[in-house]
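Colleague: To start, I am sharing the structure in question, which I have written as structure tokens.
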Amino acid sequence: MSNRWVAVLSGGLSHEREVSLRSGRRLSAALRSVGLVVEEWDADGSLLTRLKEHRPDAVVVALHGGEGENGSVQTILELMDVPFVGTDSRACRRAWDKPTAKGELARAGLATPEWAVLPHATFRELGAQPVLDAMVERLGLPLILKPDQGGSALGAQVVRDAAELPAAMVGCLAYGNTVLAERFVEGVEVAVAVVDGPDGPYALPPVEIVPENGVYDYTARYTAGLTDFHAPARLDEKAAQAVGELAVSAHRLLGLRDVSRTDAIVAADGTVHFLEVNVSPGLTETSLLPMAVEAAGKSLGEIYAGLIERAVNR
């Protein structure tokens with residue numbers, strides 16, 4: 001394994017560039033600690049030249065948002081036949097689009113909060129207020145509005161009063177042209193990482209998320225001290241098993257590969273609701289996957305070194 005050298009791909013040009021760079025630095029250090037030779041590459045105009053002239057044994061995609069999760073970079077790696085850690089391009093596209101992922105899981109019988117998807121053009125052509133009124137009548141309040149694509153909770157807002165909807169909609173549309181409006185489910189928020197192993201995908205211990213302001217938004221995610229985390233989550237055995245099974249089911253049903261993270265809510269009645277899935281989980285100091293790895297008694301370098309071997313041998 002010490003003879004392997006890998007390129008950790010981070011940065012890029014999405015809204016999540018800085019988070020991705022932090023993930024890339026932490027992952028690179030973890031891989032070096034287990035003996036791999038690592039270079040950190042930015043996802044920029046030099047990428048294809050680097051891949052041709054200095055081909056690594058494998059690439060680890062540590063990009064967040066945009067081309068790093070929507071399948072674009074993965075397509076390039078596939079075209080160039082470069083082994084990489086992470087989900088293939090087609091499954092990335094399914095997972096990247098939140099309504100598509102929710103729809104597939106709902107059809108499989110898994111619980112997910114009721115939702116509606118509305119492009120910006122609908123509000124412009126039919127009138128914003130009538131559309132908002134219909135949304136509230138159908139889904140009720142509170143609602144959570146989020147861009148239909150993207151991560152890090154950018155643009156996501158919880159709306160408890162109908163008077164807050166217009167401003168929240170404008171804020172959401174700043175990050176995309178389509179809004180996913182979802183019934184807000186109160187309960188215990190958890191994140192469950194799934195890793196592919198020799199016997200198939202398995203769930204790491206769930207991480208419970210308790211944001212200071214009640215909403216796990218971008219600021220709460222990446223500002224130390226604004227969110228309390230419990231790894232493993234403070235769930236009874238039945239609920240802990242249910243969230244793990246949900247995450248593995250999402251991983252399988254969406255065709256994900258190597259590593260993923262499912263976000264879910266455990267409601268008061270015990271129902272586990274799927275929220276969304278991430279094909280390139282964050283690896284920063286406040287990210288959830290490293291907490292789950294530690295709770296499992298493993299190391300980040302150990303987990304990813306194993307995934308690199310899987311990628312090389314595929």
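Order determines the names: the first chain of the structure tokens is A, the second B, and so forth; residues in each chain are numbered 1 upward, and ligands are numbered 1 upward as they are shown.
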I need the residues in region 123-279 of chain A that are strand (DSSP E) according to DSSP; give them as a ChimeraX atom specification.
Modeller: /A:143-147,157-159,178-183,187-197,200-203,207-211,227-230,259-267,272-278
Colleague: Could you pull the residues within 6 Å of region 188-204 of chain A, counting only C-alpha atoms, minus those fewer than 4 positions along the same chain, as a list of chain:residue names?
Modeller: A:Glu208, A:Ile209, A:Gly244, A:Asp258, A:Val259, A:Ser260, A:Arg261, A:Thr262, A:Asp263, A:Ala264, A:Ile265, A:Val266, A:Ala292
Colleague: Taking into account only C-alpha atoms, which residue in the set A:Leu246, A:Ala224, A:Val85, A:Ile144 is nearest to Pro206 (chain A)?
Modeller: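 Selected residue with least distance to Pro206 (chain A): A:Leu246.
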Colleague: Counting only C-alpha atoms, which residue out of A:Leu126, A:Ala240, A:Val279, A:Val185 sits closest to Trp96 (chain A)?
Modeller: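 Among the listed residues, the smallest separation from Trp96 (chain A) belongs to A:Val279.
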Colleague: What lies within 12 Å of Thr223 (chain A) using only C-alpha atoms, ignoring chain neighbours under 3 positions off, as a PDB file with N, CA and C atoms, in the first residue's frame?
Modeller:
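Written file, around_22.pdb:
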```
ATOM      1  N   VAL A  19     -14.730  25.011   1.632  1.00  0.00           N
ATOM      2  CA  VAL A  19     -14.978  23.800   2.417  1.00  0.00           C
ATOM      3  C   VAL A  19     -14.260  22.615   1.791  1.00  0.00           C
ATOM      4  N   PRO A 211     -28.108  21.815  16.447  1.00  0.00           N
ATOM      5  CA  PRO A 211     -27.654  23.182  16.204  1.00  0.00           C
ATOM      6  C   PRO A 211     -28.176  24.147  17.260  1.00  0.00           C
ATOM      7  N   GLU A 212     -27.370  25.112  17.608  1.00  0.00           N
ATOM      8  CA  GLU A 212     -27.710  26.084  18.651  1.00  0.00           C
ATOM      9  C   GLU A 212     -28.982  26.852  18.329  1.00  0.00           C
ATOM     10  N   TYR A 216     -29.784  23.466  11.126  1.00  0.00           N
ATOM     11  CA  TYR A 216     -28.426  23.103  10.732  1.00  0.00           C
ATOM     12  C   TYR A 216     -28.110  23.727   9.372  1.00  0.00           C
ATOM     13  N   ASP A 217     -27.916  25.046   9.364  1.00  0.00           N
ATOM     14  CA  ASP A 217     -27.654  25.772   8.129  1.00  0.00           C
ATOM     15  C   ASP A 217     -26.147  25.858   7.886  1.00  0.00           C
ATOM     16  N   TYR A 218     -25.751  26.622   6.864  1.00  0.00           N
ATOM     17  CA  TYR A 218     -24.339  26.690   6.480  1.00  0.00           C
ATOM     18  C   TYR A 218     -23.467  27.173   7.632  1.00  0.00           C
ATOM     19  N   THR A 219     -23.936  28.231   8.313  1.00  0.00           N
ATOM     20  CA  THR A 219     -23.155  28.787   9.420  1.00  0.00           C
ATOM     21  C   THR A 219     -23.003  27.762  10.538  1.00  0.00           C
ATOM     22  N   ALA A 220     -24.095  27.077  10.856  1.00  0.00           N
ATOM     23  CA  ALA A 220     -24.041  26.072  11.926  1.00  0.00           C
ATOM     24  C   ALA A 220     -23.139  24.904  11.558  1.00  0.00           C
ATOM     25  N   LEU A 226     -21.164  26.279  17.213  1.00  0.00           N
ATOM     26  CA  LEU A 226     -22.566  26.620  16.981  1.00  0.00           C
ATOM     27  C   LEU A 226     -23.468  25.394  16.913  1.00  0.00           C
ATOM     28  N   THR A 227     -22.868  24.216  16.906  1.00  0.00           N
ATOM     29  CA  THR A 227     -23.650  22.975  16.850  1.00  0.00           C
ATOM     30  C   THR A 227     -23.016  21.947  17.776  1.00  0.00           C
ATOM     31  N   ASP A 228     -23.856  21.260  18.524  1.00  0.00           N
ATOM     32  CA  ASP A 228     -23.388  20.135  19.332  1.00  0.00           C
ATOM     33  C   ASP A 228     -23.599  18.844  18.551  1.00  0.00           C
ATOM     34  N   THR A 284     -14.012  18.102   6.945  1.00  0.00           N
ATOM     35  CA  THR A 284     -13.403  19.180   7.716  1.00  0.00           C
ATOM     36  C   THR A 284     -13.455  18.870   9.212  1.00  0.00           C
ATOM     37  N   GLU A 285     -12.953  19.816  10.011  1.00  0.00           N
ATOM     38  CA  GLU A 285     -12.923  19.631  11.461  1.00  0.00           C
ATOM     39  C   GLU A 285     -14.321  19.566  12.067  1.00  0.00           C
ATOM     40  N   THR A 286     -15.313  20.134  11.388  1.00  0.00           N
ATOM     41  CA  THR A 286     -16.683  20.104  11.907  1.00  0.00           C
ATOM     42  C   THR A 286     -17.586  19.180  11.083  1.00  0.00           C
ATOM     43  N   SER A 287     -17.006  18.401  10.181  1.00  0.00           N
ATOM     44  CA  SER A 287     -17.804  17.525   9.327  1.00  0.00           C
ATOM     45  C   SER A 287     -18.188  16.244  10.055  1.00  0.00           C
TER      46      SER A 287
END
```
Colleague: Which residue, A:Glu245, A:Met80, A:Ser10, A:Ala116, has the smallest gap to Glu67 (chain A) when you use only C-alpha atoms?
Modeller: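 Closest residue, counting only C-alpha atoms: A:Ser10.
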Colleague: Would you pick out the contacts of Asn3 (chain A) at 9 Å or less, using only C-alpha atoms, so that residues sharing its chain but fewer than 5 positions from it are not included, and give the list as a PyMOL selection string?
Modeller: chain A and resi 35-37
Colleague: The selected residues should be written to file as a short mmCIF file (atom, residue, chain, number, x, y, z; two decimals), in the first residue's frame (atoms: N, CA and C atoms).
Modeller:
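New file again.cif:
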```cif
data_model
loop_
_atom_site.label_atom_id
_atom_site.label_comp_id
_atom_site.auth_asym_id
_atom_site.auth_seq_id
_atom_site.Cartn_x
_atom_site.Cartn_y
_atom_site.Cartn_z
N GLY A 35 0.86 6.02 5.11
CA GLY A 35 1.94 5.63 4.21
C GLY A 35 1.74 5.88 2.74
N LEU A 36 0.64 6.50 2.33
CA LEU A 36 0.44 6.77 0.91
C LEU A 36 1.14 8.06 0.50
N VAL A 37 1.54 8.11 -0.75
CA VAL A 37 2.11 9.33 -1.33
C VAL A 37 0.95 10.12 -1.92
#
```
Colleague: For the helix (DSSP H, G or I) assignment from backbone DSSP, which residues of region 19-79 of chain A qualify? Please present them as a PyMOL selection string.
Modeller: chain A and resi 19-33+47-53+66-68+72-79
Colleague: Produce a file of the selected residues containing C-alpha atoms, as a compact mmCIF listing (two decimals), in the first residue's frame.
Modeller:
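Dumped everything to selection.txt:
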```
# COMPACT_ATOMS: atom_id res chain seq x y z
CA VAL A 19 -14.98 23.80 2.42
CA SER A 20 -13.66 21.43 -0.24
CA LEU A 21 -10.10 22.73 0.17
CA ARG A 22 -10.35 22.10 3.92
CA SER A 23 -11.64 18.58 3.27
CA GLY A 24 -8.80 17.94 0.83
CA ARG A 25 -6.13 19.06 3.27
CA ARG A 26 -7.48 16.91 6.08
CA LEU A 27 -7.88 13.83 3.88
CA SER A 28 -4.39 14.24 2.42
CA ALA A 29 -2.87 14.36 5.90
CA ALA A 30 -4.85 11.25 6.89
CA LEU A 31 -3.65 9.31 3.85
CA ARG A 32 -0.03 10.33 4.39
CA SER A 33 -0.31 9.08 7.96
CA LEU A 47 -6.49 18.87 -14.44
CA LEU A 48 -6.61 17.03 -17.78
CA THR A 49 -2.96 17.82 -18.54
CA ARG A 50 -1.95 16.55 -15.11
CA LEU A 51 -3.92 13.36 -15.56
CA LYS A 52 -2.23 12.70 -18.91
CA GLU A 53 1.31 13.59 -17.90
CA GLY A 66 -21.20 21.64 -8.59
CA GLU A 67 -18.99 19.56 -10.83
CA GLY A 68 -17.66 17.54 -7.92
CA SER A 72 -19.12 16.11 -14.32
CA VAL A 73 -15.65 15.45 -12.90
CA GLN A 74 -16.49 11.78 -12.54
CA THR A 75 -17.32 11.65 -16.25
CA ILE A 76 -13.89 13.08 -17.09
CA LEU A 77 -12.17 10.51 -14.91
CA GLU A 78 -14.21 7.73 -16.54
CA LEU A 79 -13.38 9.00 -20.05
```
